[in-house]
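Structure data (TSV, C-alpha atoms) from input.tsv:
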```
chain	number	residue	atom	x	y	z
F	1	MET	CA	60.33	-5.73	2.05
F	2	THR	CA	57.41	-3.37	1.65
F	3	ASN	CA	56.97	-0.23	3.69
F	4	SER	CA	53.48	-1.10	4.84
F	5	PHE	CA	51.66	-4.12	6.23
F	6	SER	CA	48.46	-5.98	5.54
F	7	LEU	CA	46.05	-6.76	8.33
F	8	PRO	CA	46.81	-10.20	9.79
F	9	LEU	CA	43.23	-11.36	9.28
F	10	ALA	CA	42.85	-10.05	5.73
F	11	GLY	CA	42.01	-12.36	2.83
F	12	ASN	CA	40.81	-15.95	2.65
F	13	ASN	CA	42.05	-18.51	5.17
F	14	ALA	CA	43.94	-15.71	6.91
F	15	ARG	CA	44.05	-17.07	10.44
F	16	VAL	CA	47.11	-18.90	11.68
F	17	GLU	CA	46.02	-22.54	11.94
F	18	PRO	CA	47.93	-24.67	14.47
F	19	ASP	CA	46.26	-27.81	13.12
F	20	ALA	CA	47.90	-27.23	9.72
F	21	PHE	CA	51.13	-28.73	11.10
F	22	ILE	CA	51.96	-32.18	12.38
F	23	THR	CA	54.86	-33.27	14.58
F	24	SER	CA	56.67	-35.19	11.83
F	25	ARG	CA	56.61	-32.29	9.39
F	26	ASP	CA	59.46	-29.79	8.96
F	27	ILE	CA	58.68	-26.16	9.66
F	28	SER	CA	57.48	-24.86	6.33
F	29	ASN	CA	55.51	-22.11	4.74
F	30	ALA	CA	52.52	-24.28	3.86
F	31	ASP	CA	49.42	-22.17	3.37
F	32	ASP	CA	51.54	-19.09	4.08
F	33	GLN	CA	51.26	-19.80	7.83
F	34	LEU	CA	54.66	-18.40	8.82
F	35	GLY	CA	54.03	-15.33	6.68
F	36	LYS	CA	50.82	-14.73	8.62
F	37	ILE	CA	52.75	-14.93	11.88
F	38	GLY	CA	55.14	-12.29	10.56
F	39	ARG	CA	52.30	-10.01	9.52
F	40	LEU	CA	50.63	-10.52	12.88
F	41	GLN	CA	53.83	-9.40	14.64
F	42	ASN	CA	54.02	-6.28	12.49
F	43	TYR	CA	50.40	-5.48	13.29
F	44	ALA	CA	50.94	-6.07	17.03
F	45	PHE	CA	54.00	-3.81	16.94
F	46	ALA	CA	51.99	-1.02	15.29
F	47	TYR	CA	48.95	-1.24	17.59
F	48	HIS	CA	49.89	-2.89	20.91
F	49	ALA	CA	49.61	-0.43	23.86
F	50	THR	CA	48.28	2.39	21.68
F	51	GLY	CA	44.84	3.82	22.25
F	52	PRO	CA	43.86	5.83	25.35
F	53	ILE	CA	46.65	6.22	27.90
F	54	ILE	CA	45.13	9.09	29.89
F	55	THR	CA	41.42	9.63	30.44
F	56	GLN	CA	40.65	12.16	33.13
F	57	HIS	CA	37.36	13.85	33.97
F	58	PHE	CA	37.25	16.95	36.15
F	59	GLU	CA	33.98	16.92	38.06
F	60	ASP	CA	31.61	19.76	38.79
F	61	GLY	CA	33.48	22.27	36.64
F	62	VAL	CA	36.14	22.84	39.29
F	63	PHE	CA	38.92	22.97	36.69
F	64	TYR	CA	38.47	26.68	36.15
F	65	TYR	CA	41.22	29.26	35.80
F	66	SER	CA	41.42	32.91	34.88
F	67	GLY	CA	44.82	34.54	34.69
F	68	THR	CA	48.25	34.41	33.12
F	69	SER	CA	49.99	31.27	31.90
F	70	ARG	CA	50.29	28.53	34.54
F	71	VAL	CA	51.07	24.79	34.54
F	72	ALA	CA	47.97	22.97	35.75
F	73	CYS	CA	48.60	19.23	35.17
F	74	ARG	CA	51.52	16.86	34.67
F	75	TRP	CA	51.57	13.27	33.42
F	76	ARG	CA	54.40	10.79	32.77
F	77	ILE	CA	53.62	8.31	30.02
F	78	PRO	CA	55.65	5.32	28.79
F	79	ALA	CA	57.37	5.44	25.41
F	80	ILE	CA	56.30	2.29	23.56
F	81	SER	CA	58.91	2.45	20.77
F	82	ALA	CA	61.22	4.87	19.02
F	83	ASN	CA	58.72	5.06	16.16
F	84	HIS	CA	55.59	5.81	18.19
F	85	LYS	CA	56.07	9.58	18.25
F	86	THR	CA	52.55	10.97	17.94
F	87	ILE	CA	49.79	11.36	20.52
F	88	LYS	CA	46.20	12.47	19.86
F	89	ILE	CA	44.45	14.78	22.31
F	90	THR	CA	40.69	15.04	22.78
F	91	LEU	CA	39.25	17.48	25.29
F	92	HIS	CA	36.05	19.29	26.19
F	93	GLY	CA	35.87	22.72	27.73
F	94	GLN	CA	34.74	26.30	27.45
F	95	GLY	CA	36.25	29.68	27.97
F	96	THR	CA	36.75	33.32	27.03
F	97	SER	CA	40.07	33.78	25.27
F	98	GLY	CA	41.12	30.63	27.12
F	99	ASN	CA	44.05	28.46	26.11
F	100	ALA	CA	45.02	24.89	26.91
F	101	LEU	CA	48.63	24.36	25.85
F	102	PHE	CA	49.91	20.75	25.88
F	103	THR	CA	53.67	20.17	25.85
F	104	LEU	CA	55.04	16.70	25.09
F	105	SER	CA	58.74	16.13	25.71
F	106	ASN	CA	61.14	13.22	25.59
F	107	ALA	CA	64.85	13.26	26.39
F	108	SER	CA	65.72	14.28	22.83
F	109	SER	CA	62.83	16.46	21.59
F	110	SER	CA	59.65	18.31	22.51
F	111	ASN	CA	56.63	19.82	20.80
F	112	THR	CA	53.40	21.62	21.70
F	113	LYS	CA	49.74	21.89	20.73
F	114	ASN	CA	47.53	24.78	21.79
F	115	PHE	CA	43.73	24.70	22.00
F	116	ALA	CA	41.90	28.05	22.04
F	117	PHE	CA	38.47	28.25	23.70
F	118	ASN	CA	36.05	31.12	23.12
F	119	SER	CA	32.95	28.95	23.52
F	120	GLN	CA	31.97	25.49	24.73
F	121	LYS	CA	33.22	22.69	22.47
F	122	PHE	CA	34.98	19.42	21.97
F	123	GLU	CA	38.41	19.83	20.41
F	124	GLN	CA	40.94	17.39	19.00
F	125	GLY	CA	44.54	17.67	17.83
F	126	SER	CA	47.89	15.90	17.94
F	127	ILE	CA	51.53	16.34	18.94
F	128	ALA	CA	54.40	14.64	17.12
F	129	LEU	CA	57.93	14.38	18.49
F	130	ALA	CA	60.96	14.51	16.23
F	131	SER	CA	62.57	11.60	18.09
F	132	VAL	CA	62.04	9.30	21.08
F	133	THR	CA	65.09	8.06	22.98
F	134	SER	CA	63.95	7.74	26.62
F	135	GLU	CA	61.61	5.17	28.15
F	136	TYR	CA	59.07	7.79	29.20
F	137	SER	CA	57.73	11.15	28.01
F	138	LEU	CA	56.48	14.07	30.07
F	139	LEU	CA	53.18	15.72	29.18
F	140	THR	CA	52.20	19.02	30.78
F	141	LEU	CA	49.08	21.15	30.46
F	142	THR	CA	49.46	24.92	30.74
F	143	VAL	CA	46.32	27.08	30.94
F	144	SER	CA	45.82	30.81	30.47
F	145	GLY	CA	42.99	33.27	29.98
F	146	ALA	CA	39.55	32.27	31.26
F	147	ILE	CA	39.06	28.55	30.73
F	148	GLN	CA	37.15	25.63	32.24
F	149	LEU	CA	38.05	22.06	31.27
F	150	ASP	CA	35.79	19.08	31.81
F	151	TYR	CA	37.53	16.14	30.16
F	152	VAL	CA	40.82	15.18	28.55
F	153	CYS	CA	41.81	12.01	26.69
F	154	ILE	CA	45.33	11.27	25.43
F	155	GLU	CA	46.12	8.34	23.15
F	156	TYR	CA	49.02	7.07	21.08
F	157	VAL	CA	48.49	7.03	17.32
F	158	PRO	CA	49.22	3.54	15.87
F	159	LEU	CA	51.86	3.24	13.17
F	160	SER	CA	50.72	3.07	9.57
F	161	SER	CA	54.02	1.43	8.67
F	162	PRO	CA	56.12	-0.56	11.15
F	163	LEU	CA	58.57	-1.39	8.35
F	164	ALA	CA	59.99	2.10	8.00
F	165	GLU	CA	63.29	1.00	9.55
F	166	SER	CA	65.26	-2.23	9.46
F	167	ALA	CA	65.22	-2.33	13.27
F	168	VAL	CA	63.17	-0.21	15.66
F	169	SER	CA	64.41	0.57	19.17
F	170	ALA	CA	62.05	-0.70	21.85
F	171	VAL	CA	63.38	2.10	24.12
F	172	TYR	CA	62.25	0.36	27.32
F	173	THR	CA	64.42	-2.80	26.96
F	174	ASN	CA	67.57	-1.71	25.09
F	175	GLY	CA	66.37	-4.14	22.44
F	176	PHE	CA	65.03	-3.86	18.91
F	177	PHE	CA	61.94	-5.02	17.04
F	178	TYR	CA	62.70	-6.43	13.58
F	179	PRO	CA	59.85	-5.85	11.09
F	180	ILE	CA	59.21	-8.88	8.91
F	181	GLY	CA	58.39	-8.53	5.22
F	182	ASP	CA	55.62	-10.52	3.57
F	183	ASN	CA	58.11	-12.73	1.69
F	184	SER	CA	60.71	-13.08	4.44
F	185	PHE	CA	59.72	-16.60	5.47
F	186	LEU	CA	60.74	-19.20	2.91
F	187	ALA	CA	59.93	-22.89	3.09
F	188	ASP	CA	61.95	-25.19	5.34
F	189	GLU	CA	63.84	-22.50	7.22
F	190	PRO	CA	64.16	-23.65	10.85
F	191	LEU	CA	63.38	-21.36	13.75
F	192	SER	CA	67.05	-21.53	14.72
F	193	ALA	CA	67.92	-19.61	11.55
F	194	GLY	CA	68.21	-15.82	11.42
F	195	MET	CA	64.53	-15.21	10.66
F	196	GLY	CA	63.48	-17.60	13.41
F	197	GLN	CA	65.64	-15.77	15.92
F	198	MET	CA	64.10	-12.48	14.83
F	199	LEU	CA	60.65	-14.01	15.30
F	200	THR	CA	61.32	-15.10	18.88
F	201	ASN	CA	63.16	-11.86	19.67
F	202	ASN	CA	60.14	-9.85	18.55
F	203	ILE	CA	57.85	-11.86	20.83
F	204	ARG	CA	60.08	-11.07	23.82
F	205	VAL	CA	60.16	-7.39	22.93
F	206	LEU	CA	56.39	-7.16	22.50
F	207	GLN	CA	55.60	-9.01	25.74
F	208	ARG	CA	57.64	-6.46	27.68
F	209	ARG	CA	56.07	-3.39	26.04
F	210	PRO	CA	54.62	-1.16	28.77
F	211	ARG	CA	50.89	-0.56	28.84
F	212	MET	CA	49.39	2.34	30.80
F	213	LEU	CA	47.14	0.95	33.53
F	214	PHE	CA	46.11	4.32	34.90
F	215	SER	CA	47.33	7.90	35.09
F	216	MET	CA	45.93	10.85	37.00
F	217	SER	CA	47.07	14.39	37.68
F	218	GLY	CA	46.07	16.83	40.38
F	219	ILE	CA	45.12	20.37	39.39
F	220	ASP	CA	47.94	22.73	40.32
F	221	LEU	CA	45.86	25.93	40.38
F	222	PRO	CA	45.10	28.57	43.05
F	223	GLU	CA	43.23	27.17	46.04
F	224	THR	CA	40.20	29.40	45.52
F	225	THR	CA	38.92	30.85	42.26
F	226	SER	CA	35.65	32.60	41.48
F	227	ASN	CA	33.99	30.67	38.65
F	228	PRO	CA	31.33	32.78	36.89
F	229	ILE	CA	30.20	29.73	34.90
F	230	LEU	CA	29.12	27.98	38.09
F	231	GLY	CA	28.33	31.22	39.91
F	232	LYS	CA	30.42	30.22	42.92
F	233	THR	CA	33.95	29.85	44.24
F	234	VAL	CA	35.75	26.61	43.40
F	235	ARG	CA	38.67	25.02	45.23
F	236	PRO	CA	40.71	22.73	42.98
F	237	GLN	CA	43.05	20.40	44.84
F	238	LYS	CA	46.72	20.69	44.02
F	239	GLY	CA	47.30	17.10	45.07
F	240	LEU	CA	45.14	14.02	44.69
F	241	THR	CA	42.67	13.59	47.50
F	242	ILE	CA	42.37	10.43	49.52
F	243	ASN	CA	39.20	9.57	47.61
F	244	ASP	CA	41.07	10.07	44.34
F	245	ILE	CA	43.76	7.65	45.45
F	246	PHE	CA	41.27	5.03	46.58
F	247	GLY	CA	39.43	5.52	43.29
F	248	LEU	CA	42.50	4.56	41.29
F	249	ASN	CA	42.08	0.97	40.23
F	250	THR	CA	42.69	-1.27	37.30
F	251	ALA	CA	41.92	-4.86	36.44
F	252	PHE	CA	43.47	-7.27	34.00
F	253	ILE	CA	43.78	-11.01	33.82
F	254	VAL	CA	46.73	-12.74	35.44
F	255	TRP	CA	47.55	-16.41	35.34
F	256	GLY	CA	49.87	-18.97	36.88
F	257	ASN	CA	53.61	-18.21	36.57
F	258	TYR	CA	52.67	-14.76	35.27
F	259	ASN	CA	55.75	-13.05	36.65
F	260	ARG	CA	58.16	-15.55	35.15
F	261	LEU	CA	57.88	-13.40	32.03
F	262	ASN	CA	60.09	-10.97	33.97
F	263	VAL	CA	57.50	-8.22	33.69
F	264	ILE	CA	58.27	-5.02	35.59
F	265	TYR	CA	55.56	-2.62	36.72
F	266	LYS	CA	56.46	1.03	37.18
F	267	VAL	CA	54.93	3.64	39.44
F	268	MET	CA	55.73	7.27	38.60
F	269	MET	CA	54.67	9.97	41.06
F	270	TYR	CA	55.11	13.71	41.14
F	271	VAL	CA	55.20	14.48	44.85
F	272	GLU	CA	55.54	17.34	47.30
F	273	ASN	CA	55.28	17.21	51.07
F	274	LEU	CA	55.81	20.50	52.88
F	275	THR	CA	54.00	19.31	56.02
F	276	ALA	CA	55.58	18.34	59.31
F	277	TYR	CA	54.65	14.69	58.80
F	278	ASP	CA	56.13	11.89	56.74
F	279	PHE	CA	53.54	10.37	54.39
F	280	SER	CA	53.85	6.60	54.01
F	281	PHE	CA	51.82	4.00	52.17
F	282	LYS	CA	52.22	0.70	50.42
F	283	ILE	CA	51.64	-0.33	46.81
F	284	TYR	CA	51.54	-4.11	46.96
F	285	SER	CA	54.94	-5.12	48.37
F	286	GLN	CA	56.58	-1.70	47.90
F	287	ASP	CA	56.76	0.59	50.91
F	288	ILE	CA	56.86	4.25	49.86
F	289	THR	CA	57.54	7.21	52.12
F	290	ILE	CA	57.38	10.86	51.09
F	291	THR	CA	59.34	12.55	53.84
F	292	SER	CA	58.52	15.86	55.43
F	293	GLY	CA	59.95	18.81	53.50
F	294	THR	CA	60.07	17.06	50.11
F	295	THR	CA	59.98	19.67	47.35
F	296	ALA	CA	58.11	19.01	44.10
F	297	GLN	CA	59.83	16.20	42.18
F	298	TRP	CA	59.24	12.97	40.25
F	299	ILE	CA	59.95	9.67	41.99
F	300	GLU	CA	59.92	6.25	40.37
F	301	TYR	CA	59.56	2.70	41.68
F	302	ASP	CA	59.83	-0.67	39.97
F	303	LEU	CA	57.40	-3.26	41.33
F	304	ARG	CA	58.48	-6.90	41.09
F	305	THR	CA	55.50	-8.29	42.95
F	306	ILE	CA	54.27	-11.84	42.47
F	307	PHE	CA	50.61	-11.26	41.69
F	308	ASN	CA	47.99	-13.92	42.29
F	309	GLN	CA	50.37	-15.97	44.40
F	310	ASP	CA	47.47	-17.28	46.49
F	311	GLY	CA	45.71	-18.53	43.35
F	312	ILE	CA	42.45	-16.77	44.25
F	313	ASP	CA	42.34	-13.35	42.64
F	314	GLN	CA	42.13	-13.50	38.87
F	315	PHE	CA	42.87	-9.83	38.37
F	316	LEU	CA	45.31	-7.16	39.50
F	317	SER	CA	43.59	-4.35	41.33
F	318	MET	CA	44.56	-1.24	43.16
F	319	PRO	CA	43.83	1.20	45.31
F	320	LEU	CA	46.80	2.16	47.37
F	321	ILE	CA	46.55	0.67	50.81
F	322	THR	CA	48.05	1.02	54.29
F	323	PHE	CA	48.62	4.67	55.18
F	324	ARG	CA	50.75	6.17	57.93
F	325	PRO	CA	50.17	8.39	59.86
F	326	ARG	CA	46.52	7.67	60.48
F	327	MET	CA	44.44	8.13	57.37
F	328	THR	CA	42.08	10.51	59.17
F	329	TYR	CA	44.81	13.15	59.01
F	330	PHE	CA	44.43	13.32	55.24
F	331	LEU	CA	40.66	13.08	54.94
F	332	THR	CA	40.29	16.83	54.44
F	333	THR	CA	43.71	17.48	52.93
F	334	ALA	CA	45.17	16.72	49.52
F	335	SER	CA	47.85	14.07	49.69
F	336	PRO	CA	51.47	14.85	48.77
F	337	ILE	CA	50.90	12.97	45.48
F	338	LEU	CA	50.38	15.59	42.77
F	339	SER	CA	50.36	13.13	39.86
F	340	ILE	CA	50.57	9.35	39.57
F	341	SER	CA	51.04	6.92	36.67
F	342	PHE	CA	51.13	3.13	36.80
F	343	TRP	CA	52.15	1.02	33.85
F	344	GLY	CA	53.29	-2.49	33.06
F	345	ALA	CA	52.63	-5.34	30.66
```
Entire entry expressed as C-alpha cells:
Amino acid sequence: MTNSFSLPLAGNNARVEPDAFITSRDISNADDQLGKIGRLQNYAFAYHATGPIITQHFEDGVFYYSGTSRVACRWRIPAISANHKTIKITLHGQGTSGNALFTLSNASSSNTKNFAFNSQKFEQGSIALASVTSEYSLLTLTVSGAIQLDYVCIEYVPLSSPLAESAVSAVYTNGFFYPIGDNSFLADEPLSAGMGQMLTNNIRVLQRRPRMLFSMSGIDLPETTSNPILGKTVRPQKGLTINDIFGLNTAFIVWGNYNRLNVIYKVMMYVENLTAYDFSFKIYSQDITITSGTTAQWIEYDLRTIFNQDGIDQFLSMPLITFRPRMTYFLTTASPILSISFWGA
C-alpha cells in the first residue's frame, strides 16, 4: 500500500465503466475497474466536505475595534475525520497595530494563528491541530489594537495522503474509513470478502460525513465605537439581527427516500437571553426556545426532518421561521442567537 493516491480520473480509460460488466460475469478486476473504485474512495475521503466552511462578510466597515484583547466571534465547525487537522484562513482588513488572533480547539488539542495589520491587505495562513477526537471544533476570533475586518473565509485543507493510517476514525460516527491501496483488489474476490466489506463500509462512512451548510457569528464588541476609518460611530450587533437570521439560507438537491440514508442535520447555536421574554422559533420540525435569563452557552439540536415529503420542493432551504413573541419585538434588537452553524450531509 502506498502512502499517496492517484487522481481517480488520471490516465487512459480512467473512468469507472458500468457497461464493462455483465450479469453473468463474476466480479473481477477487468480493466482495473475495482481499483479505480478504490482510488475514487480515497480521493473522496481526502476532499469530500473540505473547501470553504465559513464565509462571512462584515458590511460597511462596522467590524471595528480599538482596545485590549477581546473575543469578537465564535464558530462551531464539524470535524470531518481524525486526519483532517488543518484549516486555512483568508481575511481582509486594515488596522494600526491591530491583531486578529484565531484559536482552533478540539477536545484533545488547540492551536492559534495571529494576523497583524498595520495597513490594508488580504492575509492568509493556517492552523493545524495535533489531534482530532471530537465531532466538532471551536474556532474563536480575538481582536486587539486598532483593527477593522471586512471579510473572513475558513476552509479545511484536503489530505495529500489518505493512506497514512491503516484505519482513520470518522469521529462523527464512531466508525473508521479504510484506505484502499492501488493493488488491493485482486481478480474474482467477491464483495462479501474482507475488501468488499471495507468498500461498502467506506461508502456508509462517506455518506454520513457532515458538510457545513452555513455558519455565521455575531460581533461581540462594544455597542458603540468611534471608527476613524469611516469617520463616524459604529454599532456592531452582539447577536444576529432578525435580517441576519432571515438571510441565512442554503440549497442543495434532495430526492425521494432521501432520509432513509439516516442522515442527521445538526444546528449549533451560541445563545444568550437576558431579556424578560422567552425567545421561541422553529427550524423545520424542531421547536427551539431560549428562555429568559439564559446566560451565554452553546446549545445543540439534531434534526431528523423528512425533507421534500410533499414531493414539490427540490431543495432544502432556510430561513428560520415562526417566531414568538411577535417578531416586531425583535425588529430593532439583536436576537439571543450570537452564533449559528448548520451542517449535515
| query | Can you tell me, as a PyMOL selection string, what residues are no more than 9 Å from Ser108 in chain F when counting all atoms listed in the file, ignoring any on the same chain fewer than 4 positions away? | reply | chain F and resi 129-134
| said: Using all atoms listed in the file, can you tell me which of F:Thr103, F:Val205, F:Asp287, F:Gly95 comes closest to Ala116 in chain F? | reply: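 Among F:Thr103, F:Val205, F:Asp287, F:Gly95, it is F:Gly95 that comes nearest to Ala116 in chain F.
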| task | Please indicate the distance in Å from CA of Ser339 in chain F to CA of Pro52 in chain F, rounded to one decimal place. | result |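 Those two atoms sit 17.5 Å apart.
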| task | Rank F:Pro336, F:Pro78, F:Pro179, F:Gly194 by their smallest atom-to-atom distance to Lys238 in chain F, using all atoms listed in the file, and report the top residue only. | result |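 That would be F:Pro336, the residue with the smallest distance to Lys238 in chain F.
We find CA of Asn111 in chain F and CA of Lys88 in chain F to be spaced 12.8 Å apart.
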| When distances are computed from only C-alpha atoms, which of F:Ser137, F:Ser126, F:Thr142, F:Gln207 shows the smallest separation from Ile264 in chain F? |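 Residue with the minimum atom-to-atom distance to Ile264 in chain F: F:Gln207.
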